[in-house]
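For reference, input-v3.txt is printed below; it contains compact mmCIF, C-alpha atoms and all ligand atoms.
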# COMPACT_ATOMS: atom_id res chain seq x y z
CA MET A 1420 -54.87 20.87 -23.42
CA THR A 1421 -51.27 21.96 -23.67
CA ARG A 1422 -51.50 23.49 -20.21
CA LEU A 1423 -52.84 20.26 -18.76
CA TYR A 1424 -50.07 18.33 -20.46
CA LEU A 1425 -47.44 20.69 -19.03
CA LEU A 1426 -48.98 20.40 -15.58
CA LEU A 1427 -48.89 16.62 -15.76
CA LEU A 1428 -45.33 16.74 -16.97
CA ALA A 1429 -44.32 19.03 -14.10
CA LEU A 1430 -45.94 16.65 -11.61
CA CYS A 1431 -44.25 13.62 -13.10
CA LEU A 1432 -40.75 15.06 -13.55
CA PRO A 1433 -39.54 14.59 -9.98
CA PHE A 1434 -40.66 10.96 -10.12
CA ALA A 1435 -38.95 10.46 -13.45
CA ALA A 1436 -35.74 11.94 -12.06
CA ARG A 1437 -35.95 9.73 -9.00
CA ALA A 1438 -36.67 6.66 -11.11
CA GLN A 1439 -33.53 7.41 -13.13
CA GLU A 1440 -31.51 7.80 -9.95
CA GLY A 1441 -32.83 4.48 -8.73
CA GLU A 1442 -31.32 2.94 -11.82
CA ARG A 1443 -27.88 4.33 -11.12
CA PRO A 1444 -25.37 1.55 -11.66
CA PRO A 1445 -23.04 1.06 -8.70
CA VAL A 1446 -19.66 2.75 -8.64
CA THR A 1447 -16.60 0.89 -7.37
CA ILE A 1448 -14.36 3.12 -5.26
CA LEU A 1449 -10.84 1.97 -4.38
CA ILE A 1450 -9.59 4.02 -1.44
CA SER A 1451 -6.00 3.92 -0.23
CA ILE A 1452 -5.06 5.20 3.20
CA ASP A 1453 -1.29 5.21 2.85
CA GLY A 1454 0.49 3.59 5.79
CA PHE A 1455 -2.70 2.54 7.63
CA ARG A 1456 -1.37 -0.44 9.59
CA ALA A 1457 -3.94 -3.24 9.89
CA ASP A 1458 -4.29 -2.98 13.67
CA TYR A 1459 -5.03 0.78 13.62
CA LEU A 1460 -8.60 -0.31 12.97
CA ASP A 1461 -8.76 -1.69 16.53
CA ARG A 1462 -7.91 1.61 18.21
CA GLY A 1463 -11.54 2.56 18.71
CA ILE A 1464 -11.15 5.88 16.86
CA THR A 1465 -12.66 4.98 13.48
CA PRO A 1466 -16.47 4.93 13.78
CA HIS A 1467 -17.01 5.11 10.00
CA LEU A 1468 -14.40 2.57 8.95
CA SER A 1469 -15.42 0.23 11.76
CA ARG A 1470 -19.05 0.38 10.69
CA LEU A 1471 -18.14 -0.33 7.07
CA ALA A 1472 -15.99 -3.27 8.23
CA ALA A 1473 -18.77 -4.61 10.45
CA GLU A 1474 -21.38 -4.36 7.69
CA GLY A 1475 -19.01 -5.69 5.06
CA ALA A 1476 -15.72 -7.51 5.42
CA ARG A 1477 -12.32 -6.86 6.92
CA GLY A 1478 -8.95 -8.50 6.76
CA LYS A 1479 -5.24 -7.80 6.63
CA LEU A 1480 -3.27 -7.24 3.47
CA ARG A 1481 0.23 -8.65 3.35
CA PRO A 1482 2.15 -6.14 1.26
CA SER A 1483 4.56 -7.19 -1.43
CA PHE A 1484 8.29 -6.70 -0.87
CA PRO A 1485 9.60 -4.01 -0.73
CA THR A 1486 6.93 -2.68 1.62
CA LYS A 1487 6.94 0.76 0.01
CA THR A 1488 4.26 2.96 -1.52
CA PHE A 1489 4.71 2.80 -5.28
CA PRO A 1490 5.47 -0.94 -5.58
CA ASN A 1491 2.40 -1.80 -3.48
CA HIS A 1492 -0.08 0.60 -5.03
CA TYR A 1493 0.83 -0.83 -8.42
CA ALA A 1494 0.60 -4.41 -7.10
CA MET A 1495 -2.99 -3.88 -5.99
CA VAL A 1496 -4.13 -2.54 -9.38
CA THR A 1497 -2.20 -5.08 -11.50
CA GLY A 1498 -2.27 -8.27 -9.40
CA LYS A 1499 1.45 -8.57 -10.04
CA ARG A 1500 4.25 -8.45 -7.53
CA PRO A 1501 6.84 -5.68 -7.97
CA ASP A 1502 9.34 -8.02 -9.62
CA LYS A 1503 6.77 -8.61 -12.38
CA HIS A 1504 5.07 -5.22 -12.67
CA GLY A 1505 8.38 -3.39 -12.79
CA ILE A 1506 7.88 -0.72 -10.13
CA VAL A 1507 10.44 -2.46 -7.93
CA GLY A 1508 10.90 0.47 -5.54
CA ASN A 1509 10.04 4.09 -4.78
CA ASN A 1510 13.53 4.62 -6.12
CA MET A 1511 15.04 2.41 -8.82
CA ILE A 1512 17.41 2.25 -11.72
CA ASP A 1513 17.23 0.41 -15.03
CA PRO A 1514 20.29 -0.91 -16.87
CA ARG A 1515 18.69 0.35 -20.11
CA ARG A 1516 18.83 3.90 -18.77
CA PRO A 1517 22.32 4.29 -17.37
CA GLY A 1518 22.83 7.33 -15.16
CA GLU A 1519 19.09 7.86 -14.60
CA LYS A 1520 17.08 7.09 -11.51
CA PHE A 1521 13.33 6.75 -11.00
CA SER A 1522 12.19 8.47 -7.85
CA LEU A 1523 8.61 9.06 -6.72
CA GLY A 1524 9.42 12.72 -6.12
CA ASP A 1525 10.92 13.35 -9.57
CA PRO A 1526 8.12 13.83 -12.10
CA LYS A 1527 10.52 13.77 -15.06
CA GLN A 1528 11.12 10.09 -14.39
CA SER A 1529 8.00 9.06 -12.46
CA LEU A 1530 5.66 10.28 -15.21
CA ASP A 1531 7.59 8.54 -17.99
CA PRO A 1532 5.60 5.50 -19.26
CA PHE A 1533 8.92 3.64 -19.69
CA TRP A 1534 8.86 2.72 -16.00
CA TRP A 1535 5.22 1.60 -15.90
CA ASP A 1536 4.65 -0.44 -19.01
CA GLN A 1537 5.62 -3.89 -17.66
CA ALA A 1538 2.02 -4.27 -16.46
CA GLU A 1539 -1.41 -2.90 -17.31
CA PRO A 1540 -3.28 -1.35 -14.39
CA ALA A 1541 -7.00 -1.89 -13.77
CA TRP A 1542 -8.07 1.52 -15.09
CA VAL A 1543 -6.42 0.93 -18.46
CA THR A 1544 -8.09 -2.46 -18.87
CA ALA A 1545 -11.36 -0.93 -17.69
CA GLU A 1546 -11.13 1.98 -20.14
CA LYS A 1547 -10.45 -0.46 -22.98
CA ALA A 1548 -13.56 -2.42 -21.94
CA GLY A 1549 -15.66 0.74 -21.97
CA VAL A 1550 -15.75 1.11 -18.19
CA ARG A 1551 -15.09 4.74 -17.36
CA SER A 1552 -12.44 5.44 -14.70
CA ALA A 1553 -11.64 8.54 -12.67
CA THR A 1554 -8.67 8.79 -10.33
CA MET A 1555 -8.43 11.15 -7.38
CA PHE A 1556 -4.74 10.19 -7.20
CA TRP A 1557 -3.09 6.79 -7.45
CA PRO A 1558 0.54 6.08 -8.34
CA GLY A 1559 0.70 5.54 -12.09
CA SER A 1560 -2.67 7.10 -12.84
CA GLU A 1561 -1.05 10.25 -14.24
CA VAL A 1562 0.98 8.27 -16.74
CA ALA A 1563 -0.17 7.30 -20.23
CA ILE A 1564 0.47 3.59 -19.72
CA GLY A 1565 0.28 1.85 -23.08
CA GLY A 1566 -1.02 5.23 -24.29
CA THR A 1567 -4.09 5.21 -22.01
CA ARG A 1568 -4.97 7.24 -18.95
CA PRO A 1569 -8.15 7.21 -16.85
CA ALA A 1570 -10.93 9.30 -18.45
CA ASP A 1571 -10.49 11.71 -15.54
CA TRP A 1572 -7.22 12.02 -13.65
CA LEU A 1573 -5.26 14.63 -11.74
CA ARG A 1574 -1.58 15.30 -11.25
CA TYR A 1575 -0.70 14.23 -7.72
CA ASP A 1576 -0.64 17.23 -5.42
CA ARG A 1577 -0.49 16.67 -1.68
CA HIS A 1578 -1.85 20.18 -1.14
CA VAL A 1579 -5.25 19.34 -2.60
CA GLY A 1580 -7.30 19.24 0.60
CA TYR A 1581 -9.32 16.22 1.62
CA GLU A 1582 -12.59 18.12 1.47
CA GLN A 1583 -11.83 18.98 -2.16
CA ARG A 1584 -10.89 15.38 -2.99
CA ILE A 1585 -14.26 14.16 -1.68
CA ALA A 1586 -16.15 17.01 -3.37
CA THR A 1587 -14.48 16.18 -6.68
CA ILE A 1588 -15.60 12.56 -6.48
CA LEU A 1589 -19.15 13.57 -5.57
CA ASP A 1590 -19.14 15.99 -8.52
CA TRP A 1591 -18.10 13.16 -10.81
CA MET A 1592 -21.05 11.15 -9.54
CA ARG A 1593 -23.44 14.05 -10.27
CA ARG A 1594 -22.60 13.89 -13.95
CA PRO A 1595 -25.00 12.53 -16.55
CA ALA A 1596 -24.81 8.76 -16.84
CA ALA A 1597 -22.84 8.82 -20.09
CA ILE A 1598 -19.83 10.55 -18.53
CA ARG A 1599 -20.14 9.31 -14.95
CA PRO A 1600 -17.28 7.06 -13.82
CA ALA A 1601 -17.89 3.45 -12.79
CA PHE A 1602 -14.43 3.08 -11.23
CA VAL A 1603 -12.95 5.71 -8.93
CA THR A 1604 -9.76 5.82 -6.88
CA LEU A 1605 -9.09 7.99 -3.85
CA TYR A 1606 -5.84 8.45 -1.94
CA PHE A 1607 -4.94 9.85 1.51
CA GLU A 1608 -1.33 10.42 2.64
CA ALA A 1609 -1.89 11.89 6.15
CA VAL A 1610 -1.64 8.67 8.17
CA ASP A 1611 1.65 7.71 6.50
CA ASP A 1612 3.02 11.24 6.93
CA ALA A 1613 2.23 11.25 10.66
CA GLY A 1614 3.58 7.71 11.04
CA HIS A 1615 6.94 8.75 9.60
CA ARG A 1616 7.24 11.92 11.61
CA PHE A 1617 5.88 10.85 14.96
CA GLY A 1618 5.77 7.04 14.97
CA PRO A 1619 2.85 4.61 14.80
CA ASP A 1620 1.91 5.02 18.47
CA SER A 1621 1.70 8.81 18.44
CA ALA A 1622 -1.23 11.09 19.10
CA GLU A 1623 -0.54 12.62 15.68
CA VAL A 1624 -1.16 9.29 13.93
CA ASN A 1625 -4.39 8.88 15.86
CA ALA A 1626 -5.49 12.37 14.83
CA ALA A 1627 -4.74 11.60 11.18
CA ILE A 1628 -6.63 8.29 11.40
CA ALA A 1629 -9.66 10.05 12.91
CA ASP A 1630 -9.54 12.78 10.26
CA VAL A 1631 -9.42 10.34 7.34
CA ASP A 1632 -12.17 8.26 8.97
CA GLY A 1633 -14.37 11.37 9.09
CA ARG A 1634 -13.64 12.16 5.42
CA ILE A 1635 -14.69 8.67 4.40
CA GLY A 1636 -17.84 9.14 6.47
CA LYS A 1637 -18.56 12.32 4.46
CA LEU A 1638 -18.00 10.49 1.18
CA VAL A 1639 -20.39 7.70 2.19
CA ALA A 1640 -23.03 10.24 3.28
CA GLY A 1641 -22.60 12.22 0.05
CA LEU A 1642 -23.07 9.11 -2.05
CA ALA A 1643 -26.21 8.22 -0.08
CA ASP A 1644 -27.61 11.73 -0.65
CA LEU A 1645 -27.15 11.25 -4.38
CA GLY A 1646 -28.78 7.82 -4.25
CA GLN A 1647 -25.53 6.48 -5.69
CA PRO A 1648 -24.90 2.82 -4.80
CA ALA A 1649 -21.22 2.11 -4.17
CA ARG A 1650 -18.86 -0.74 -3.56
CA LEU A 1651 -15.96 0.37 -1.43
CA LEU A 1652 -12.56 -1.30 -1.23
CA ILE A 1653 -10.53 0.46 1.44
CA VAL A 1654 -6.89 -0.58 1.51
CA ALA A 1655 -3.44 0.46 2.62
CA ASP A 1656 -0.12 -0.18 0.94
CA HIS A 1657 1.88 -1.19 4.03
CA GLY A 1658 2.04 -0.67 7.78
CA MET A 1659 4.45 1.33 9.91
CA ARG A 1660 7.13 0.47 12.49
CA ALA A 1661 8.71 2.67 15.13
CA THR A 1662 12.34 3.64 14.42
CA ASP A 1663 14.86 5.63 16.45
CA GLU A 1664 18.42 6.91 16.44
CA SER A 1665 19.71 4.03 18.54
CA ARG A 1666 19.00 1.52 15.74
CA VAL A 1667 21.01 2.77 12.80
CA ILE A 1668 23.41 0.89 10.53
CA GLN A 1669 25.77 3.28 8.77
CA LEU A 1670 27.03 1.70 5.57
CA ALA A 1671 30.01 4.06 5.83
CA ASP A 1672 31.17 2.01 8.83
CA LEU A 1673 31.39 -1.05 6.57
CA ILE A 1674 32.57 0.27 3.22
CA ASP A 1675 33.77 3.47 1.60
CA LEU A 1676 30.65 5.10 0.22
CA ALA A 1677 32.39 6.04 -3.03
CA SER A 1678 32.40 2.37 -3.98
CA ILE A 1679 28.62 1.99 -3.86
CA ILE A 1680 25.48 3.54 -5.33
CA ALA A 1681 22.77 3.43 -2.67
CA VAL A 1682 19.61 3.41 -4.81
CA GLU A 1683 17.41 3.10 -1.72
CA THR A 1684 18.15 3.28 2.01
CA GLY A 1685 16.09 2.86 5.18
CA PRO A 1686 14.40 -0.35 6.34
CA TYR A 1687 15.87 -1.97 3.25
CA ALA A 1688 18.75 -0.86 1.10
CA ALA A 1689 19.24 -1.40 -2.62
CA ILE A 1690 22.92 -1.20 -3.45
CA GLU A 1691 24.87 -1.28 -6.69
CA PRO A 1692 28.65 -1.43 -6.73
CA ALA A 1693 29.83 1.84 -8.30
CA ALA A 1694 32.07 -0.18 -10.58
CA GLY A 1695 30.20 -3.18 -11.96
CA THR A 1696 33.23 -5.42 -11.53
CA ASP A 1697 33.81 -4.58 -7.87
CA ASP A 1698 33.17 -7.80 -5.95
CA ARG A 1699 34.59 -6.26 -2.79
CA VAL A 1700 31.21 -4.60 -2.13
CA ALA A 1701 29.43 -7.95 -2.13
CA GLN A 1702 32.13 -9.56 0.00
CA VAL A 1703 31.75 -6.90 2.70
CA LEU A 1704 27.97 -6.67 2.69
CA LEU A 1705 27.18 -10.38 2.43
CA LYS A 1706 29.07 -11.10 5.66
CA PRO A 1707 26.78 -11.65 8.67
CA HIS A 1708 25.74 -8.41 10.40
CA ALA A 1709 23.95 -8.10 13.72
CA HIS A 1710 20.89 -6.16 12.49
CA MET A 1711 20.73 -6.58 8.75
CA THR A 1712 20.95 -9.32 6.18
CA CYS A 1713 22.23 -8.71 2.68
CA TYR A 1714 21.67 -10.89 -0.37
CA ARG A 1715 22.76 -10.93 -3.94
CA ARG A 1716 19.57 -10.30 -5.84
CA GLU A 1717 19.75 -13.80 -7.38
CA GLU A 1718 19.82 -15.32 -3.88
CA LEU A 1719 16.98 -13.49 -2.17
CA PRO A 1720 14.63 -15.75 -0.16
CA LYS A 1721 11.99 -17.22 -2.48
CA GLN A 1722 9.06 -15.95 -0.43
CA LEU A 1723 10.02 -12.35 -1.23
CA HIS A 1724 9.32 -13.01 -4.94
CA TYR A 1725 11.97 -10.41 -5.71
CA GLY A 1726 15.21 -10.18 -7.61
CA ARG A 1727 14.56 -11.32 -11.17
CA ASN A 1728 13.67 -7.94 -12.58
CA PRO A 1729 16.80 -6.22 -13.96
CA ARG A 1730 15.70 -3.10 -12.07
CA VAL A 1731 16.41 -4.78 -8.71
CA ALA A 1732 19.82 -3.62 -7.51
CA ALA A 1733 22.68 -6.15 -7.30
CA ILE A 1734 22.58 -6.32 -3.51
CA ILE A 1735 19.51 -6.02 -1.30
CA CYS A 1736 19.99 -5.55 2.44
CA ILE A 1737 17.04 -5.91 4.79
CA ALA A 1738 17.24 -4.35 8.24
CA GLY A 1739 16.03 -6.08 11.39
CA PRO A 1740 12.76 -4.80 12.90
CA GLY A 1741 13.03 -1.09 13.71
CA TRP A 1742 16.54 -0.71 12.28
CA SER A 1743 17.50 1.71 9.51
CA ILE A 1744 20.28 1.30 6.96
CA LEU A 1745 21.80 4.65 6.02
CA ALA A 1746 24.42 5.82 3.53
CA GLY A 1747 25.77 9.30 3.75
CA PRO A 1748 25.49 12.10 6.21
CA PRO A 1749 23.50 10.88 9.20
CA TRP A 1750 20.23 12.62 9.92
CA PRO A 1751 18.17 12.02 13.01
CA VAL A 1752 16.14 8.84 12.65
CA LYS A 1753 12.88 9.14 14.52
CA GLY A 1754 9.23 8.34 14.17
CA GLY A 1755 8.48 5.41 11.93
CA ALA A 1756 9.30 3.68 8.68
CA HIS A 1757 8.31 0.83 6.39
CA GLY A 1758 10.11 -1.16 3.75
CA TYR A 1759 10.93 -4.15 5.98
CA ASP A 1760 10.39 -7.82 5.13
CA ASN A 1761 6.77 -8.25 4.09
CA ARG A 1762 6.29 -11.00 6.68
CA ASP A 1763 6.79 -8.45 9.46
CA PRO A 1764 3.38 -8.27 11.22
CA GLU A 1765 3.79 -4.50 11.59
CA MET A 1766 3.92 -4.17 7.82
CA LEU A 1767 0.40 -5.66 7.47
CA ALA A 1768 -2.08 -3.20 5.96
CA LEU A 1769 -5.75 -2.32 6.19
CA PHE A 1770 -8.41 -4.11 4.17
CA ILE A 1771 -12.13 -3.31 4.29
CA ALA A 1772 -14.68 -4.23 1.63
CA HIS A 1773 -18.23 -2.88 1.73
CA GLY A 1774 -20.97 -3.82 -0.69
CA SER A 1775 -18.58 -6.19 -2.45
CA GLY A 1776 -20.22 -9.53 -1.74
CA LEU A 1777 -17.61 -10.30 0.92
CA SER A 1778 -18.44 -10.56 4.59
CA GLY A 1779 -16.78 -11.34 7.90
CA ASP A 1780 -13.06 -11.60 8.56
CA VAL A 1781 -11.21 -12.70 5.44
CA GLY A 1782 -7.93 -13.16 7.36
CA THR A 1783 -4.51 -12.23 6.00
CA VAL A 1784 -4.22 -12.16 2.23
CA ASP A 1785 -1.52 -11.04 -0.19
CA ASN A 1786 -2.31 -7.57 -1.48
CA ILE A 1787 -2.15 -8.74 -5.12
CA GLU A 1788 -5.50 -10.42 -4.37
CA VAL A 1789 -7.18 -7.00 -4.42
CA TYR A 1790 -6.83 -6.99 -8.21
CA PRO A 1791 -9.11 -9.92 -9.18
CA LEU A 1792 -11.69 -8.71 -6.64
CA LEU A 1793 -11.58 -5.22 -8.13
CA MET A 1794 -11.96 -6.55 -11.67
CA ALA A 1795 -14.87 -8.77 -10.61
CA LEU A 1796 -16.62 -5.71 -9.17
CA LEU A 1797 -15.99 -3.77 -12.39
CA GLY A 1798 -17.26 -6.67 -14.47
CA VAL A 1799 -14.08 -6.60 -16.54
CA PRO A 1800 -12.11 -9.82 -17.14
CA PRO A 1801 -8.79 -9.62 -15.24
CA LEU A 1802 -5.52 -10.00 -17.10
CA ALA A 1803 -3.11 -12.80 -16.15
CA SER A 1804 -1.54 -11.98 -12.80
CA ASP A 1805 0.28 -13.44 -9.78
CA ALA A 1806 -2.96 -13.51 -7.76
CA ALA A 1807 -4.82 -16.74 -6.95
CA GLY A 1808 -8.22 -15.06 -6.76
CA VAL A 1809 -8.88 -15.99 -3.12
CA LEU A 1810 -10.83 -12.80 -2.37
CA ALA A 1811 -12.80 -12.78 -5.61
CA GLN A 1812 -13.82 -16.41 -5.04
CA ARG A 1813 -15.21 -15.69 -1.57
CA ARG A 1814 -17.84 -13.31 -2.95
CA ARG A 1815 -21.44 -14.28 -2.58
P1 LIG B 1 6.19 6.13 1.27
O1 LIG B 1 7.16 6.81 2.17
O2 LIG B 1 6.76 4.98 0.51
O3 LIG B 1 4.98 5.71 2.07
O4 LIG B 1 5.67 7.22 0.22
C1 LIG B 1 4.58 8.02 0.59
C2 LIG B 1 4.57 9.27 -0.20
O5 LIG B 1 4.26 9.01 -1.56
C3 LIG B 1 3.49 10.20 0.26
O6 LIG B 1 3.97 11.12 1.21
C4 LIG B 1 3.00 10.88 -0.98
O7 LIG B 1 3.29 12.25 -0.96
C5 LIG B 1 3.76 10.19 -2.10
N1 LIG B 1 2.86 9.89 -3.20
C6 LIG B 1 1.70 9.22 -3.15
N2 LIG B 1 1.11 9.14 -4.36
C7 LIG B 1 1.93 9.79 -5.21
C8 LIG B 1 1.87 10.07 -6.60
N3 LIG B 1 0.85 9.65 -7.35
N4 LIG B 1 2.90 10.76 -7.13
C9 LIG B 1 3.93 11.18 -6.38
N5 LIG B 1 4.03 10.95 -5.06
C10 LIG B 1 3.05 10.27 -4.47
ZN ZN B 2 2.98 4.25 1.54
ZN ZN B 3 5.61 6.07 3.99

Let me see the file written as structure tokens.
Ligand code: AMP
Ligand code: ZN
Ligand code: ZN
Amino acid sequence: MTRLYLLLLALCLPFAARAQEGERPPVTILISIDGFRADYLDRGITPHLSRLAAEGARGKLRPSFPTKTFPNHYAMVTGKRPDKHGIVGNNMIDPRRPGEKFSLGDPKQSLDPFWWDQAEPAWVTAEKAGVRSATMFWPGSEVAIGGTRPADWLRYDRHVGYEQRIATILDWMRRPAAIRPAFVTLYFEAVDDAGHRFGPDSAEVNAAIADVDGRIGKLVAGLADLGQPARLLIVADHGMRATDESRVIQLADLIDLASIIAVETGPYAAIEPAAGTDDRVAQVLLKPHAHMTCYRREELPKQLHYGRNPRVAAIICIAGPGWSILAGPPWPVKGGAHGYDNRDPEMLALFIAHGSGLSGDVGTVDNIEVYPLLMALLGVPPLASDAAGVLAQRRR
């Protein structure tokens, strides 16, 4: 009797396991390919991404100003523009912390919740709602924002190989249901790296695009092998524009560098007078220049939605297309850069949604619109944001 029972059980087990797998709730995976300009998708070198776009939806994300990595990654997971969410640059200062500077490469500052707590990112809201999150890198995900981190997170390390990043996510999905994440992020830096070093039209950028495309193909195949349904949002934070040595504005040619603090330089510059009372800096910089326009932060064009946060420097200068604003010893400018006006078509970024209820070409949308769509997929009510919900409302 017992033997018969055991035999029956052995026969049924595989079916039981499969039935359980069939009930796997879908995971939502937010993938960022840093610096993947929207039109890279038309280069004919992305079989996996192109298939996902054809089966699902594609569009172009208009980044928020400044078109830099940290401000835009945080915009997509909060629905707020940088002025509101407080990560106003990759580099920034705060009048409440005189003498200190946030910089994406300085963990002492970049991991301090002080800089991040003007907004609540999707994974924090999700965790609070009982939706388990796991981040394979995302700016802010290593920080205890409002005291909460994703259930699984890793310190950003560019040396963690892409194979390992994918394997880690697949391992998460192999876990028992109770500790399996429902929201996952994944980040790739290679396309941005190659864009900076070699320019957007280089063979190196194409090689990086093809590599990342293959990795995403592996992820999709791995999920299918597990029988794990997934909704994929594949985004980029900004595009990339070719720069070169012939298009350089040296601030030293306009003003003695000792009189300014250049918080950020490049396609845009964030400048504080070294002495708060020094109006000479503004007088010099606000004059018309051939290849850059400078504004007092209170007078920035409205459509940039930038300048009200006290972390925005007193003067913001925006370079013309392909130009670079530098302060200090010149170094060779080559390759590519981003940070320009967010209306620059070369700053537009990738958007693909697969399994999300969206289909076709969704056109050009502000990247803050990713947030309500993401929250809808997670089934978690979104917090108040700057987004209108145009992507979320198009779902069927
Ligand atoms: P950007 O030049 O604005 O595109 O910055 C891109 C760089 O940001 C990449 O080269 C990454 O190494 C870096 N980065 C991305 N995510 C993080 C993170 N979570 N922490 C620190 N640095 C990061
Ligand atoms: Zn970036
Ligand atoms: Zn970059």

Report as a Markdown table: every residue of chain A with an atom at most 6 Å from ligand LIG 1 (chain B), its closest pair of atoms, and their distance in Å to one decimal, counting all atoms listed in the file, with rows sorted by chain and ascending residue number.
| residue | atom | partner | partner_atom | distance |
| --- | --- | --- | --- | --- |
| A:Lys1487 | CA | B:LIG1 | O2 | 4.3 |
| A:Thr1488 | CA | B:LIG1 | O2 | 3.8 |
| A:Leu1523 | CA | B:LIG1 | C9 | 5.1 |
| A:Gly1524 | CA | B:LIG1 | C9 | 5.7 |
| A:Phe1556 | CA | B:LIG1 | N3 | 5.6 |
| A:Trp1557 | CA | B:LIG1 | N3 | 4.9 |
| A:Pro1558 | CA | B:LIG1 | N3 | 3.7 |
| A:Tyr1575 | CA | B:LIG1 | N3 | 4.8 |
| A:Arg1577 | CA | B:LIG1 | O7 | 5.9 |
| A:Glu1608 | CA | B:LIG1 | C3 | 5.4 |
| A:Asp1611 | CA | B:LIG1 | O3 | 5.9 |
| A:Asp1612 | CA | B:LIG1 | O6 | 5.8 |

Where is the centre and how long are the edges: axis-aligned box on range 1592-1605 of chain A, 6 Å on each side, Å to one decimal, as JSON:
{"center_x": -17.0, "center_y": 8.6, "center_z": -12.0, "size_x": 27.9, "size_y": 23.0, "size_z": 28.2}

Of the candidates A:Ala1553, A:Ile1787, A:Leu1810, A:Met1659, which shows the shortest atom-to-atom distance to ligand ZN 3 (chain B), using all atoms listed in the file? A:Met1659

Looking at all atoms listed in the file, which of A:Asp1760, A:Glu1546, A:Asp1536, A:Glu1664 is the one that sits closest to Pro1720 in chain A?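 Going through A:Asp1760, A:Glu1546, A:Asp1536, A:Glu1664 one by one, the smallest distance to Pro1720 in chain A is for A:Asp1760.
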
List all protein, DNA and RNA residues that have an atom no more than 12 Å from any atom of ligand ZN 2 (chain B), counting all atoms listed in the file, and report them as a PyMOL selection string. chain A and resi 1451-1456+1482-1483+1485-1493+1508-1509+1523+1557-1558+1606-1615+1654-1659+1755-1758+1766-1769

Write out as a PyMOL selection string the residues lying within 9 Å of range 1793-1802 of chain A, counting all atoms listed in the file and excluding same-chain residues fewer than 4 positions away. chain A and resi 1446-1447+1449+1495-1498+1539+1541+1544-1545+1548+1550+1601-1602+1650+1652+1775+1788-1789+1811

Within 8 Å of Val1543 in chain A using all atoms listed in the file, minus same-chain residues under 4 positions, as a list in words: Glu1539, Lys1547, Ile1564, Thr1567, Arg1568 and Pro1569 of chain A

Need the shell around Leu1745 in chain A: protein/DNA/RNA residues with any atom at most 10 Å away, counting all atoms listed in the file. Skip same-chain ones fewer than 3 positions apart. Format as a list in words?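 Skipping anything fewer than 3 positions along the chain leaves Val1667, Ile1668, Gln1669, Leu1670, Ala1671, Ala1681, Glu1683, Thr1684, Gly1685, Pro1686, Tyr1687, Ala1688, Trp1742, Pro1748, Pro1749, Trp1750 and Val1752 of chain A.
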
Quote the spacing between CA of Glu1582 in chain A and CA of Asp1630 in chain A in Å to one decimal place.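 Between these atoms lies a distance of 10.7 Å.
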
Give me the residues within 10 Å of Pro1526 in chain A as a ChimeraX atom specification, counting all atoms listed in the file and dropping any in the same chain fewer than 4 places off. /A:1521-1522,1530-1531,1574-1575

Restricted to C-alpha atoms, what would the selected residues look like written as a PDB file, keeping the file's coordinate frame?
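Once everything was written out, this is again_29.pdb:
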ATOM      1  CA  PHE A1521      13.330   6.750 -11.000  1.00  0.00           C
ATOM      2  CA  SER A1522      12.190   8.470  -7.850  1.00  0.00           C
ATOM      3  CA  LEU A1530       5.660  10.280 -15.210  1.00  0.00           C
ATOM      4  CA  ASP A1531       7.590   8.540 -17.990  1.00  0.00           C
ATOM      5  CA  ARG A1574      -1.580  15.300 -11.250  1.00  0.00           C
ATOM      6  CA  TYR A1575      -0.700  14.230  -7.720  1.00  0.00           C
TER       7      TYR A1575
END

Shortest interatomic distance to ligand ZN 3 (chain B) - which of A:Pro1466, A:Arg1516, A:Val1639, A:Gly1754, counting only C-alpha atoms and all ligand atoms: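 Of all the options, A:Gly1754 lies closest to ligand ZN 3 (chain B).
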
Option closest in space to ligand ZN 3 (chain B), from A:Arg1660, A:His1578, A:Arg1594, A:Arg1515 [counting all atoms listed in the file]: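 Using all atoms listed in the file, the shortest distance to ligand ZN 3 (chain B) belongs to A:Arg1660.
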
What is the distance between CA of Gly1478 in chain A and CA of Gly1776 in chain A, in Å to one decimal?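 If I compute the distance from CA of Gly1478 in chain A to CA of Gly1776 in chain A, I get 14.2 Å.
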
Which one of A:Trp1572, A:Trp1591, A:Phe1617, A:Trp1542 sits closest to ligand ZN 3 (chain B) if you count all atoms listed in the file?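 Ranked by minimum distance to ligand ZN 3 (chain B), first place goes to A:Phe1617.
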
Atomic separation - CA of Ala1563 in chain A relative to CA of Gly1808 in chain A, Å: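 We find that CA of Gly1808 in chain A and CA of Ala1563 in chain A lie 27.3 Å from each other.
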
Best match for closeness to Pro1600 in chain A among A:His1773, A:Lys1499, A:Arg1477, A:Arg1443, counting all atoms listed in the file: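 Nearest candidate to Pro1600 in chain A out of A:His1773, A:Lys1499, A:Arg1477, A:Arg1443: A:Arg1443.
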